[in-house]
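What follows is one structure encoded as C-alpha cells, with my remarks underneath.
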Amino acid sequence: MKRLFYLIVMIAGLLPASVASQNYSTAAGLRLGYFNGITVKHFVSGTNAVEGMASFRWGGVAITGLYEWQKPVKGARNLDYFLGLGGHIGFWNNNRYYWYDKDRNGTFTIVGVDLIAGLEYTFPGVPFNAGIDWKPAFNLIGDTHWWGDGLAISLRYTF
C-alpha cells in the first residue's frame with residue numbers, strides 16, 4: 001500500500017498546476033473512516049476537481065471516481081465546501097463482508113453511484129490540507145443497497 005501511495009503522489013506531482021482560485025492544484029493522502037484508504041484530488045479548473053479514492057474494507061477494495069464543485073466558505077479563510085458525484089466498483093471477500101451470505105463463495109463485485117459533500121481546510125504556509133466529508137453510495141450491481149456510513153476525514157499533502 002505504501003508503494004501505491006508513493007506512486008500516486010509522484011504521478012500527481014507531474015500534473016499541470018493551473019488553478020485560479022484554489023491554494024493548490026493537486027493533493028494526495030489518506031482517507032480515514034469506515035472505509036480507510038487513499039485519495040488523490042486534482043483541480044481541472046478554478047472550482048472543479050476530480051477525485052480518485054481507493055478504499056479498503058472487508059478483505060477487498062473499492063475504487064471511486066468523483067467530479068466535485070468546490071467553493072470558498074464566505075468569511076472563513078482557507079475553508080472550502082464541496083459537492084460532487086461519481087461512481088465506484090468494488091471487490092469483497094464474502095467471508096469478511098458484514099452481510100455474510102453462506103450461499104456465496106469467494107469474492108463478489110459491486111458497482112454503483114456515489115455522492116459527496118464536505119468541508120476542506122488548507123493550512124496556510126504548509127503544504128497540507130484536511131477535510132471531512134460524507135459520501136453515501138448506492139450499489140446498483142452486486143450487493144444492491146445503499147451505504148450511508150461514508151463519513152471520513154482526509155489528510156493530504158498539497159502540490
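All residue names refer to the C-alpha cells as shown: chains lettered A, B, ... in order, residues numbered from 1 in each chain, ligands numbered from 1 in order.
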I'd like the neighbourhood of A:Ile141 as a ChimeraX atom specification, where a residue qualifies if any of its atoms comes within 8 Å (using only C-alpha atoms), though same-chain residues fewer than 5 positions away should be ignored. /A:109-112
Near-A:Phe43 list (8 Å; only C-alpha atoms; drop same-chain fewer than 6 positions) as a ChimeraX atom specification:
/A:19,25-26,49-50
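Summary of the local environment: counting only C-alpha atoms, residues at most 10 Å from A:Ala137, other than itself and those fewer than 5 positions away along its chain, are A:Thr64, A:Leu85, A:Gly86, A:Gly87, A:His88, A:Val111, A:Gly112, A:Val113, A:Asp114, A:Leu115, A:Ile116, A:His145, A:Trp146, A:Trp147, A:Gly148, A:Asp149, A:Gly150.
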One decimal place gives the atom CA of A:Asp143-atom CA of A:Phe91 separation as 10.7 Å
